[in-house]
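File shown: target_30.txt. Contents: compact mmCIF, C-alpha atoms and all ligand atoms.
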```txt
# COMPACT_ATOMS: atom_id res chain seq x y z
CA MET A 23 0.00 0.00 0.00
CA LYS A 24 1.42 3.42 -0.96
CA THR A 25 1.86 5.89 1.86
CA VAL A 26 1.21 9.62 2.03
CA ALA A 27 2.16 12.11 4.74
CA PHE A 28 0.86 15.64 5.17
CA ILE A 29 2.28 18.87 6.53
CA THR A 30 -0.30 21.61 6.90
CA LEU A 31 0.53 25.26 7.40
CA GLY A 32 -1.71 28.24 7.94
CA CYS A 33 -5.41 28.69 8.53
CA LYS A 34 -8.38 26.49 9.42
CA VAL A 35 -9.41 26.32 5.76
CA ASN A 36 -6.12 24.60 5.01
CA GLN A 37 -6.68 22.20 7.93
CA TYR A 38 -10.14 21.39 6.60
CA GLU A 39 -8.76 20.80 3.12
CA THR A 40 -6.03 18.53 4.48
CA ASN A 41 -8.69 16.45 6.27
CA ALA A 42 -10.64 16.27 3.05
CA MET A 43 -7.60 15.18 1.02
CA ILE A 44 -6.78 12.53 3.64
CA GLN A 45 -10.25 11.11 3.30
CA LYS A 46 -10.06 11.04 -0.49
CA LEU A 47 -6.67 9.32 -0.38
CA ILE A 48 -7.85 6.67 2.10
CA GLU A 49 -10.78 5.93 -0.19
CA GLY A 50 -8.34 5.82 -3.08
CA GLY A 51 -6.33 3.07 -1.38
CA TYR A 52 -3.53 5.09 0.22
CA LYS A 53 -2.29 4.79 3.76
CA ILE A 54 -1.73 8.02 5.71
CA VAL A 55 1.38 8.18 7.90
CA GLU A 56 2.85 10.88 10.15
CA HIS A 57 5.03 13.47 8.44
CA HIS A 58 8.13 12.42 10.39
CA GLU A 59 7.75 8.86 9.07
CA LYS A 60 8.97 7.55 5.73
CA ALA A 61 6.30 8.04 3.05
CA ASP A 62 6.05 7.58 -0.72
CA ILE A 63 4.49 11.00 -1.15
CA TYR A 64 4.65 14.08 1.06
CA ILE A 65 2.01 16.71 0.57
CA VAL A 66 2.88 20.14 1.94
CA ASN A 67 -0.26 22.26 2.18
CA THR A 68 1.34 25.68 2.09
CA CYS A 69 0.37 29.12 3.33
CA THR A 70 1.39 32.57 2.13
CA VAL A 71 -0.29 34.94 4.50
CA THR A 72 3.05 36.38 5.68
CA ASN A 73 6.66 36.22 4.52
CA MET A 74 7.23 33.93 7.47
CA SER A 75 4.59 31.51 6.10
CA ASP A 76 6.42 31.42 2.76
CA ARG A 77 9.68 30.66 4.52
CA LYS A 78 8.10 27.95 6.64
CA SER A 79 6.50 26.39 3.56
CA ARG A 80 9.91 26.19 1.88
CA GLN A 81 11.54 24.81 5.04
CA MET A 82 8.94 22.06 5.34
CA ILE A 83 9.37 21.05 1.72
CA ARG A 84 13.12 20.68 2.28
CA LYS A 85 12.61 18.86 5.57
CA VAL A 86 10.41 16.10 4.16
CA LYS A 87 12.80 15.54 1.27
CA GLU A 88 15.52 14.86 3.84
CA ILE A 89 13.33 12.25 5.55
CA ASN A 90 12.95 10.28 2.33
CA PRO A 91 15.01 11.54 -0.61
CA GLN A 92 13.22 9.03 -2.89
CA ALA A 93 9.77 10.35 -2.01
CA LYS A 94 7.66 12.47 -4.33
CA ILE A 95 6.83 15.91 -3.00
CA ILE A 96 3.64 17.77 -3.80
CA ALA A 97 3.34 21.43 -2.84
CA VAL A 98 -0.27 22.61 -2.74
CA GLY A 99 -2.12 25.70 -1.57
CA CYS A 100 -1.79 29.43 -1.36
CA TYR A 101 1.98 29.82 -1.56
CA VAL A 102 1.92 27.82 -4.78
CA GLU A 103 -0.88 30.03 -6.14
CA VAL A 104 0.93 33.32 -5.60
CA ALA A 105 4.54 32.31 -6.11
CA LYS A 106 4.33 29.53 -8.66
CA ASN A 107 7.61 30.46 -10.38
CA GLU A 108 9.46 30.65 -7.09
CA VAL A 109 8.05 27.32 -5.87
CA GLU A 110 8.72 25.54 -9.13
CA LYS A 111 12.39 26.48 -8.89
CA MET A 112 12.69 24.27 -5.81
CA LYS A 113 14.34 21.09 -7.01
CA GLU A 114 12.74 19.08 -4.18
CA ILE A 115 9.24 19.50 -5.64
CA ASP A 116 7.74 17.05 -8.11
CA LEU A 117 4.32 18.62 -8.51
CA THR A 118 2.62 21.90 -7.66
CA LEU A 119 -1.14 22.15 -7.27
CA GLY A 120 -3.35 25.18 -6.81
CA ASN A 121 -6.19 25.28 -4.29
CA SER A 122 -8.88 24.25 -6.77
CA GLU A 123 -6.88 21.16 -7.70
CA LYS A 124 -6.87 19.73 -4.17
CA VAL A 125 -10.16 17.95 -4.88
CA ASP A 126 -8.40 15.73 -7.45
CA ILE A 127 -5.58 14.75 -5.11
CA VAL A 128 -5.98 11.00 -5.68
CA LYS A 129 -5.64 11.37 -9.43
CA HIS A 130 -2.55 13.55 -8.97
CA CYS A 131 -0.93 11.09 -6.57
CA ASP A 132 -1.71 8.17 -8.89
CA ASN A 133 -0.18 10.03 -11.81
CA LEU A 134 2.83 11.06 -9.83
CA LEU A 135 3.58 7.53 -8.77
CA GLN A 136 3.48 6.56 -12.43
CA ASP A 137 6.01 9.32 -12.96
CA ILE A 138 3.66 11.53 -14.88
CA LYS A 139 4.54 15.07 -13.99
CA LYS A 140 1.62 17.34 -14.36
CA ASP A 141 1.04 20.93 -13.55
CA GLU A 142 -2.36 22.02 -14.68
CA ASN A 143 -3.86 25.17 -13.39
CA ASN A 144 -7.59 24.99 -14.13
CA LYS A 145 -8.97 27.43 -11.60
CA LYS A 146 -12.73 27.10 -11.53
CA ASN A 147 -14.92 29.86 -10.29
CA GLU A 148 -17.05 27.63 -8.12
CA PHE A 149 -16.75 26.04 -4.69
CA SER A 150 -14.63 22.90 -4.94
CA GLU A 151 -16.60 20.21 -3.14
CA PHE A 152 -14.59 17.48 -1.47
CA GLY A 153 -17.57 15.25 -0.71
CA THR A 154 -17.89 13.29 2.51
CA ILE A 155 -15.03 13.59 4.94
CA THR A 156 -14.14 11.36 7.85
CA TYR A 157 -13.22 13.27 10.96
CA THR A 158 -10.46 12.22 13.25
CA GLU A 159 -11.48 14.77 15.90
CA LYS A 160 -13.76 13.44 18.60
CA THR A 161 -15.41 16.62 19.79
CA ARG A 162 -15.01 19.44 17.31
CA ALA A 163 -15.02 19.55 13.51
CA VAL A 164 -14.03 22.39 11.26
CA ILE A 165 -16.45 22.82 8.37
CA LYS A 166 -15.52 24.85 5.34
CA ILE A 167 -18.46 26.83 4.05
CA GLN A 168 -16.86 29.36 1.77
CA ASP A 169 -13.71 30.13 -0.19
CA GLY A 170 -12.15 33.22 -1.73
CA CYS A 171 -12.43 36.91 -0.98
CA ASP A 172 -13.42 40.01 -2.96
CA ARG A 173 -12.28 42.57 -0.41
CA PHE A 174 -8.73 43.32 -1.53
CA CYS A 175 -7.41 44.78 1.71
CA SER A 176 -4.27 46.60 0.62
CA TYR A 177 -1.87 44.34 2.56
CA CYS A 178 -3.42 40.98 1.72
CA ILE A 179 -2.46 38.46 -0.93
CA ILE A 180 -5.36 36.08 -0.24
CA PRO A 181 -7.77 37.34 -2.96
CA TYR A 182 -5.01 36.61 -5.50
CA ALA A 183 -4.23 33.23 -3.93
CA ARG A 184 -7.78 31.98 -3.44
CA GLY A 185 -9.78 33.91 -6.04
CA ARG A 186 -13.29 35.38 -5.85
CA VAL A 187 -15.96 34.48 -3.28
CA ARG A 188 -17.44 31.01 -3.72
CA SER A 189 -20.01 29.81 -1.21
CA ARG A 190 -20.69 26.17 -0.54
CA ASN A 191 -24.13 24.85 -1.34
CA PRO A 192 -26.13 24.99 1.95
CA GLN A 193 -27.49 21.47 1.41
CA ASN A 194 -23.94 20.10 1.27
CA VAL A 195 -23.00 21.94 4.47
CA ILE A 196 -26.09 20.64 6.27
CA SER A 197 -25.57 17.11 5.05
CA GLU A 198 -21.90 17.08 6.14
CA ILE A 199 -22.78 18.38 9.60
CA THR A 200 -25.66 15.92 9.94
CA GLN A 201 -23.29 13.07 9.16
CA ILE A 202 -20.66 14.14 11.63
CA SER A 203 -23.27 14.70 14.34
CA LYS A 204 -24.17 11.01 13.97
CA LYS A 205 -20.55 10.19 14.77
CA GLY A 206 -20.90 11.96 18.09
CA ILE A 207 -19.16 15.25 17.30
CA LYS A 208 -20.80 17.97 19.35
CA GLU A 209 -19.19 21.16 18.11
CA VAL A 210 -18.71 22.59 14.64
CA VAL A 211 -16.53 25.52 13.66
CA LEU A 212 -17.66 27.21 10.47
CA THR A 213 -14.73 28.46 8.53
CA GLY A 214 -13.83 30.07 5.24
CA ILE A 215 -11.64 32.83 3.90
CA HIS A 216 -14.33 35.50 4.37
CA ILE A 217 -17.41 33.89 5.86
CA ALA A 218 -19.22 37.23 6.11
CA SER A 219 -19.49 37.03 2.30
CA TYR A 220 -21.29 33.68 2.48
CA GLY A 221 -24.11 33.59 -0.10
CA LYS A 222 -22.95 36.68 -1.98
CA ASP A 223 -22.47 34.60 -5.13
CA PHE A 224 -25.87 32.83 -4.96
CA ASP A 225 -28.65 33.88 -7.33
CA GLU A 226 -31.28 33.77 -4.57
CA LYS A 227 -30.85 35.73 -1.34
CA TYR A 228 -29.38 33.28 1.19
CA GLU A 229 -26.89 34.55 3.74
CA LEU A 230 -24.77 33.27 6.60
CA ILE A 231 -27.56 33.79 9.12
CA ASP A 232 -29.94 31.62 7.01
CA LEU A 233 -27.35 28.85 7.04
CA LEU A 234 -26.82 29.20 10.81
CA GLU A 235 -30.55 28.84 11.41
CA GLU A 236 -30.52 25.57 9.49
CA ILE A 237 -27.44 24.22 11.29
CA ASN A 238 -28.98 25.10 14.65
CA LYS A 239 -31.75 22.58 13.93
CA ILE A 240 -29.39 19.61 13.50
CA ASP A 241 -29.78 17.06 16.31
CA GLY A 242 -26.65 16.11 18.18
CA ILE A 243 -24.75 19.31 17.39
CA GLN A 244 -24.63 21.30 20.58
CA ARG A 245 -22.27 24.12 19.74
CA ILE A 246 -21.83 26.20 16.61
CA ARG A 247 -18.72 28.32 16.49
CA LEU A 248 -17.99 31.02 13.95
CA GLY A 249 -14.48 31.39 12.58
CA SER A 250 -12.96 34.81 12.13
CA ILE A 251 -15.57 37.33 10.99
CA GLU A 252 -15.46 40.73 9.42
CA PRO A 253 -16.95 43.29 11.82
CA LEU A 254 -19.43 44.64 9.26
CA LEU A 255 -21.26 41.30 9.33
CA ILE A 256 -22.69 42.26 12.71
CA THR A 257 -25.84 44.30 12.22
CA HIS A 258 -28.83 44.67 14.57
CA GLU A 259 -30.81 42.29 12.38
CA PHE A 260 -28.03 39.70 12.26
CA ILE A 261 -27.55 39.70 16.04
CA GLN A 262 -31.28 39.63 16.70
CA ARG A 263 -31.65 36.48 14.60
CA LEU A 264 -28.40 35.02 15.94
CA SER A 265 -29.42 35.47 19.57
CA LYS A 266 -32.39 33.13 18.99
CA LEU A 267 -30.03 30.28 18.11
CA GLU A 268 -29.17 28.61 21.40
CA LYS A 269 -26.25 26.61 19.98
CA ILE A 270 -24.23 29.64 18.85
CA CYS A 271 -21.05 30.06 20.88
CA GLU A 272 -20.61 33.58 22.18
CA HIS A 273 -17.03 33.89 20.98
CA PHE A 274 -16.57 36.49 18.27
CA HIS A 275 -13.22 36.86 16.55
CA LEU A 276 -13.59 40.24 14.88
CA SER A 277 -10.63 41.13 12.67
CA LEU A 278 -10.04 44.77 13.53
CA GLN A 279 -6.43 45.13 12.21
CA SER A 280 -6.00 48.71 13.47
CA GLY A 281 -7.65 51.02 15.98
CA CYS A 282 -6.86 54.14 13.96
CA ASP A 283 -9.13 55.42 11.17
CA GLU A 284 -6.31 56.76 9.00
CA THR A 285 -4.50 53.41 9.11
CA LEU A 286 -7.72 51.51 8.44
CA LYS A 287 -8.26 53.64 5.36
CA ARG A 288 -4.82 52.86 3.98
CA MET A 289 -5.44 49.19 4.71
CA ASN A 290 -8.65 49.45 2.63
CA ARG A 291 -10.68 48.10 5.52
CA ARG A 292 -14.22 49.29 5.07
CA TYR A 293 -15.22 50.36 8.56
CA THR A 294 -14.28 53.09 11.00
CA THR A 295 -13.41 52.71 14.67
CA ALA A 296 -16.77 54.35 15.54
CA GLN A 297 -18.63 51.66 13.57
CA PHE A 298 -16.52 48.97 15.18
CA LYS A 299 -17.30 50.29 18.65
CA GLU A 300 -21.01 50.23 17.89
CA ILE A 301 -20.70 46.60 16.72
CA VAL A 302 -18.96 45.66 19.97
CA GLU A 303 -21.74 47.34 21.94
CA ILE A 304 -24.40 45.41 20.04
CA ILE A 305 -22.64 42.13 20.80
CA ARG A 306 -21.99 42.86 24.47
CA LYS A 307 -25.55 44.03 25.01
CA THR A 308 -26.89 40.79 23.53
CA TYR A 309 -24.38 38.31 24.94
CA LYS A 310 -23.42 38.92 28.57
CA ASN A 311 -20.55 36.40 28.36
CA ALA A 312 -19.34 37.48 24.95
CA ASN A 313 -15.67 36.77 24.41
CA LEU A 314 -14.18 39.15 21.87
CA THR A 315 -10.83 38.45 20.27
CA THR A 316 -9.11 40.10 17.34
CA ASP A 317 -6.15 40.41 14.97
CA ILE A 318 -4.01 43.54 14.84
CA ILE A 319 -1.28 44.51 12.39
CA VAL A 320 1.41 46.83 13.72
CA GLY A 321 3.89 48.81 11.65
CA PHE A 322 1.65 49.16 8.61
CA PRO A 323 3.28 51.57 6.09
CA GLN A 324 3.20 55.19 7.31
CA GLU A 325 1.90 54.23 10.76
CA THR A 326 3.11 57.17 12.85
CA GLU A 327 3.62 57.21 16.63
CA GLU A 328 0.34 59.14 16.87
CA GLU A 329 -1.53 56.55 14.79
CA PHE A 330 -0.14 53.75 16.92
CA ARG A 331 -1.13 55.67 20.08
CA LYS A 332 -4.71 55.90 18.74
CA THR A 333 -4.70 52.15 18.10
CA TYR A 334 -3.38 51.45 21.59
CA GLU A 335 -6.00 53.67 23.25
CA PHE A 336 -8.78 52.14 21.19
CA LEU A 337 -7.70 48.62 22.11
CA LYS A 338 -7.56 49.57 25.78
CA GLU A 339 -11.09 50.89 25.53
CA ILE A 340 -12.52 47.84 23.76
CA LYS A 341 -10.58 45.46 26.02
CA PHE A 342 -10.50 42.32 23.94
CA TYR A 343 -9.99 39.03 25.74
CA LYS A 344 -7.08 38.19 23.47
CA MET A 345 -5.35 39.87 20.53
CA HIS A 346 -3.21 38.21 17.87
CA ILE A 347 -0.52 40.70 16.95
CA PHE A 348 1.14 40.61 13.55
CA LYS A 349 4.10 42.73 12.54
CA TYR A 350 3.36 44.01 9.04
CA SER A 351 5.44 42.34 6.36
CA PRO A 352 5.04 43.39 2.71
CA ARG A 353 3.50 40.83 0.41
CA LYS A 354 4.65 41.01 -3.17
CA GLY A 355 1.90 42.08 -5.55
CA THR A 356 -0.19 43.97 -2.98
CA LEU A 357 -0.85 47.71 -2.89
CA ALA A 358 0.74 48.13 0.52
CA GLU A 359 4.00 46.69 -0.71
CA LYS A 360 4.42 49.71 -2.98
CA MET A 361 3.49 52.26 -0.33
CA GLN A 362 6.06 54.80 0.80
CA GLY A 363 6.95 54.96 4.47
CA GLN A 364 7.72 51.35 5.37
CA ILE A 365 8.33 51.06 9.12
CA LEU A 366 11.65 49.98 10.62
CA PRO A 367 11.72 46.44 12.11
CA GLN A 368 12.71 47.67 15.60
CA ILE A 369 9.68 50.01 15.70
CA LYS A 370 7.38 47.16 14.65
CA GLU A 371 8.95 45.00 17.33
CA GLU A 372 8.38 47.61 20.02
CA ARG A 373 4.76 48.23 19.02
CA SER A 374 4.11 44.52 18.87
CA ARG A 375 5.58 44.04 22.36
CA LYS A 376 3.32 46.76 23.81
CA LEU A 377 0.19 45.19 22.35
CA ILE A 378 1.14 41.67 23.41
CA GLU A 379 1.58 43.01 26.94
CA LEU A 380 -1.85 44.61 26.80
CA SER A 381 -3.40 41.40 25.48
CA ASP A 382 -1.81 39.28 28.23
CA LYS A 383 -2.98 41.72 30.89
CA ASN A 384 -6.56 41.63 29.55
CA GLU A 385 -6.58 37.84 29.41
CA GLU A 386 -5.31 37.55 32.96
CA GLU A 387 -7.91 40.03 34.25
CA TYR A 388 -10.78 38.36 32.42
CA ASN A 389 -9.66 34.94 33.62
CA LYS A 390 -9.69 36.09 37.25
CA GLU A 391 -13.33 37.13 36.89
CA TYR A 392 -14.26 33.49 36.42
CA ILE A 393 -13.08 32.43 39.88
CA GLY A 394 -16.05 31.28 41.93
CA ASN A 395 -18.31 31.07 38.86
CA GLU A 396 -19.78 28.05 37.17
CA VAL A 397 -19.03 27.47 33.49
CA GLU A 398 -20.12 24.91 30.93
CA VAL A 399 -17.20 23.01 29.46
CA LEU A 400 -16.89 20.51 26.65
CA TRP A 401 -14.03 18.18 27.61
CA GLU A 402 -11.85 17.59 24.57
CA GLU A 403 -8.88 15.54 25.74
CA GLU A 404 -7.20 13.96 28.72
CA LYS A 405 -3.40 13.93 28.90
CA GLN A 406 -1.21 12.96 31.83
CA GLY A 407 -4.07 13.17 34.27
CA ILE A 408 -5.32 16.58 33.13
CA TYR A 409 -8.57 17.20 31.27
CA LYS A 410 -8.69 20.08 28.82
CA GLY A 411 -11.73 21.65 27.25
CA HIS A 412 -13.32 24.96 26.31
CA THR A 413 -16.25 26.92 27.57
CA LYS A 414 -18.92 27.94 25.11
CA ASN A 415 -17.22 31.34 24.81
CA TYR A 416 -13.87 29.66 24.16
CA ILE A 417 -11.98 30.00 27.41
CA LEU A 418 -9.55 27.13 27.96
CA VAL A 419 -10.38 25.11 31.09
CA GLU A 420 -8.21 22.51 32.80
CA GLN A 421 -9.13 20.00 35.48
CA GLN A 422 -7.15 17.42 37.37
CA LYS A 423 -8.52 13.98 36.57
CA GLU A 424 -9.82 12.52 39.80
CA SER A 425 -11.51 9.26 38.93
CA ALA A 426 -11.22 6.59 36.29
CA LYS A 427 -14.41 7.90 34.70
CA GLN A 428 -13.74 9.06 31.15
CA LYS A 429 -15.26 12.46 30.44
CA GLU A 430 -13.90 13.17 26.97
CA ASN A 431 -16.57 14.54 24.63
CA THR A 432 -18.99 15.26 27.45
CA ILE A 433 -20.37 18.61 28.47
CA GLU A 434 -20.27 19.44 32.15
CA ASN A 435 -20.90 22.43 34.41
CA VAL A 436 -17.89 23.06 36.63
CA GLU A 437 -16.84 25.59 39.22
CA ILE A 438 -13.75 27.67 38.53
CA VAL A 439 -11.32 27.85 41.43
CA GLU A 440 -8.15 29.33 39.95
CA ALA A 441 -7.04 31.50 37.05
CA ARG A 442 -3.77 31.33 35.16
CA ASP A 443 -2.47 33.63 32.44
CA HIS A 444 -3.92 31.66 29.54
CA TYR A 445 -6.47 29.29 31.10
CA ILE A 446 -8.75 28.74 34.07
CA ILE A 447 -8.83 25.79 36.46
CA ALA A 448 -11.94 23.86 37.43
CA LYS A 449 -12.52 22.22 40.80
S1 LIG A 501 -10.97 40.46 4.05
FE1 LIG A 501 -9.04 41.46 3.58
S2 LIG A 501 -7.61 40.45 4.97
FE2 LIG A 501 -9.38 39.12 4.87
S3 LIG A 501 -8.92 37.65 3.22
FE3 LIG A 501 -10.07 39.34 2.31
S4 LIG A 501 -8.53 40.75 1.52
FE4 LIG A 501 -7.51 39.38 2.99
```
Mind turning the file's structure into structure tokens?
Ligand code: SF4
Amino acid sequence: MKTVAFITLGCKVNQYETNAMIQKLIEGGYKIVEHHEKADIYIVNTCTVTNMSDRKSRQMIRKVKEINPQAKIIAVGCYVEVAKNEVEKMKEIDLTLGNSEKVDIVKHCDNLLQDIKKDENNKKNEFSEFGTITYTEKTRAVIKIQDGCDRFCSYCIIPYARGRVRSRNPQNVISEITQISKKGIKEVVLTGIHIASYGKDFDEKYELIDLLEEINKIDGIQRIRLGSIEPLLITHEFIQRLSKLEKICEHFHLSLQSGCDETLKRMNRRYTTAQFKEIVEIIRKTYKNANLTTDIIVGFPQETEEEFRKTYEFLKEIKFYKMHIFKYSPRKGTLAEKMQGQILPQIKEERSRKLIELSDKNEEEYNKEYIGNEVEVLWEEEKQGIYKGHTKNYILVEQQKESAKQKENTIENVEIVEARDHYIIAK
């Protein structure tokens, strides 16, 4: 039996697509092995969101070739899409595949093993459906509902790497979730490149909220989590309909990127800080336990001390639970790459450090507020006598295992007795 190993970099969409390719390959008669084991084919599912991702993608390709110099290497995904020429120069690679070609992975592996080198690039402007996928996760499954993005934020390469918005047929989403619910999975995470755009490409009006209402009806599924969302998705009408869906998890990852209007404008983000603040108020008014997290880019071209100060003050005011801080790095082919006023690395470093400090302080303070309270936790795993799980609003909970009773994949109400920097401890 021929063996295949995967290395997956980047976002949840890539993770989903790796799962889907694994399933296809198993059905196609391949055996999946770990990436540090010897395999006939290594598939590196690359990412290009930052320069660091590109570098890591290249490193991984080299690493697997060292494990088995005779193996065939396939590089797939976003890095391949945007830097095809660069990737193809790597002598380690036998085949490059774009995102839309992942669905035909079995055919490509079969061909490769027969030494047929192919490199077709037939990008289709429709959602590439993988079909039924087997999930290895016991408690939570990531479901891809959408691909592509039409936003063209000035720093982002993704619209070039993944193409225009394509939404997955709602019936296929429902049927996939229904199937996994029968396997006992209790939580689904809906993901995509820009899930706020879900339905935009349909002829009939059908939006994300319509899909959520359908998913909420599926028996067995107890939690529905939204992946990263664009703030403008949140309107009064959206939240009013959302708040009626009892399975929705009150964790909202709103990609803010900057807390300064001038910077947001240069980034080609389409909201102002005032609009963002209003959105946060709507959420917090509706969901008392709302957990808000975000992504911030520091050192965007021309970001002055004053602009950074505005961002810092705005973030202090909003007080997110957690912030993911990215130091701006120019992506070739984007508008921001050509902007004057690129920021020195040491300034980016300093700004990043300040925001990480703020994020850690917020997380610690929020965590302390849980002491003495009861929370609902879905236990995900048990390792070395410690259970780990998440609350509905995505706070990590740990508990010492006390009895032989297995609690994995069960939902339990527990009392919180201690708080640590990045998690809380249940009695
Ligand atoms: S919304 Fe902006 S940052 Fe997000 S994928 Fe689209 S272009 Fe990139």
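Shortest separation to ligand LIG 501 (chain A) among A:Glu252, A:Glu325, A:Glu372, A:Glu379 occurs at residue A:Glu252, atoms counted being all atoms listed in the file.
Shortest atom-to-atom contact with A:Gln324 among A:Lys24, A:Lys338, A:Lys370, A:Lys376: A:Lys370, counting only C-alpha atoms.
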So that I can check the surroundings of A:Thr315, please list as an MDAnalysis selection string every protein, DNA and RNA residue that reaches within 10 Å of it, counting all atoms listed in the file and ignoring chain neighbours fewer than 6 positions away.
chainID A and resid 250 273:278 341:346 381
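When atom FE1 of ligand LIG 501 (chain A) is paired with atom CA of A:Ala218, their separation reads 11.3 Å.
The two atoms in question, atom CA of A:Glu403 and atom CA of A:Lys429, are spaced 8.5 Å apart.
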Neighbours of A:Thr333 within 8 Å (all atoms listed in the file; same-chain residues fewer than 4 positions away dropped), as a PyMOL selection string?
chain A and resi 280-282+329+337
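Residues in contact with ligand LIG 501 (chain A) comprise Gly170, Cys171, Asp172, Arg173, Phe174, Cys175, Ser176, Tyr177, Cys178, Ile179, Ile180, Pro181, Ile215, His216, Glu252 and Arg291 of chain A, where contact means an atom-to-atom distance of at most 8 Å counting all atoms listed in the file.
Picture a line from atom CA of A:Asp241 to atom CA of A:Lys423; it runs 29.5 Å.
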In the coordinates of the file, take the point (-15.2, 56.2, 14.3) and a cut-off of 12 Å; then, counting all atoms listed in the file, name each qualifying protein, DNA or RNA residue as a ChimeraX atom specification.
/A:280-284,286-287,292-301,332-333,336
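You can rank A:Val211, A:Ile83, A:Ile256, A:Val109 by their closest distance to A:Gln37 using all atoms listed in the file, and at the top of that list sits A:Val211.
Minimum distance to A:Gly242 across A:Met289, A:Ala358, A:Leu366, A:Ile202 (counting all atoms listed in the file) occurs at A:Ile202.
Minimum atom-to-atom distance to A:Ile270, evaluated using all atoms listed in the file, belongs to A:Lys414 out of A:Lys414, A:Glu226, A:Arg162, A:Pro192.
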Counting all atoms listed in the file, the residue of A:Lys390, A:Arg306, A:Arg353, A:Arg288 that sits nearest A:Ile340
A:Arg306
Might I get the box with edges along x, y and z of the file that holds all atoms of stretch 303-315 of chain A listed there, padded by 4 Å on every side, given as centre and edge lengths in Å to one decimal, as AutoDock Vina command-line options?
```
--center_x -18.9 --center_y 41.9 --center_z 24.3 --size_x 24.1 --size_y 18.9 --size_z 16.5
```
Polymer residues at most 7 Å from A:Ile65, only C-alpha atoms, same-chain spacing of 5 or more positions, as an MDAnalysis selection string
chainID A and resid 27:29 95:97
Please dump the current selection as a PDB file, in the frame of the given file; keep C-alpha atoms.
```
ATOM      1  CA  ALA A  27       2.160  12.110   4.740  1.00  0.00           C
ATOM      2  CA  PHE A  28       0.860  15.640   5.170  1.00  0.00           C
ATOM      3  CA  ILE A  29       2.280  18.870   6.530  1.00  0.00           C
ATOM      4  CA  ILE A  95       6.830  15.910  -3.000  1.00  0.00           C
ATOM      5  CA  ILE A  96       3.640  17.770  -3.800  1.00  0.00           C
ATOM      6  CA  ALA A  97       3.340  21.430  -2.840  1.00  0.00           C
TER       7      ALA A  97
END
```
Would you mind listing, for every residue of stretch 67-87 of chain A within 12 Å of stretch 110-123 of chain A, the two atoms forming the shortest contact and the distance between them in Å to one decimal, using only C-alpha atoms, sorted by chain and ascending residue number, as a Markdown table?
```
| residue | atom | partner | partner_atom | distance |
| --- | --- | --- | --- | --- |
| A:Asn67 | CA | A:Asn121 | CA | 9.3 |
| A:Thr68 | CA | A:Asn121 | CA | 9.9 |
| A:Cys69 | CA | A:Asn121 | CA | 10.8 |
| A:Ser79 | CA | A:Met112 | CA | 11.4 |
| A:Arg80 | CA | A:Met112 | CA | 8.4 |
| A:Gln81 | CA | A:Glu114 | CA | 10.9 |
| A:Met82 | CA | A:Glu114 | CA | 10.7 |
| A:Ile83 | CA | A:Glu114 | CA | 7.1 |
| A:Arg84 | CA | A:Glu114 | CA | 6.7 |
| A:Lys85 | CA | A:Glu114 | CA | 9.8 |
| A:Val86 | CA | A:Glu114 | CA | 9.2 |
| A:Lys87 | CA | A:Glu114 | CA | 6.5 |
```
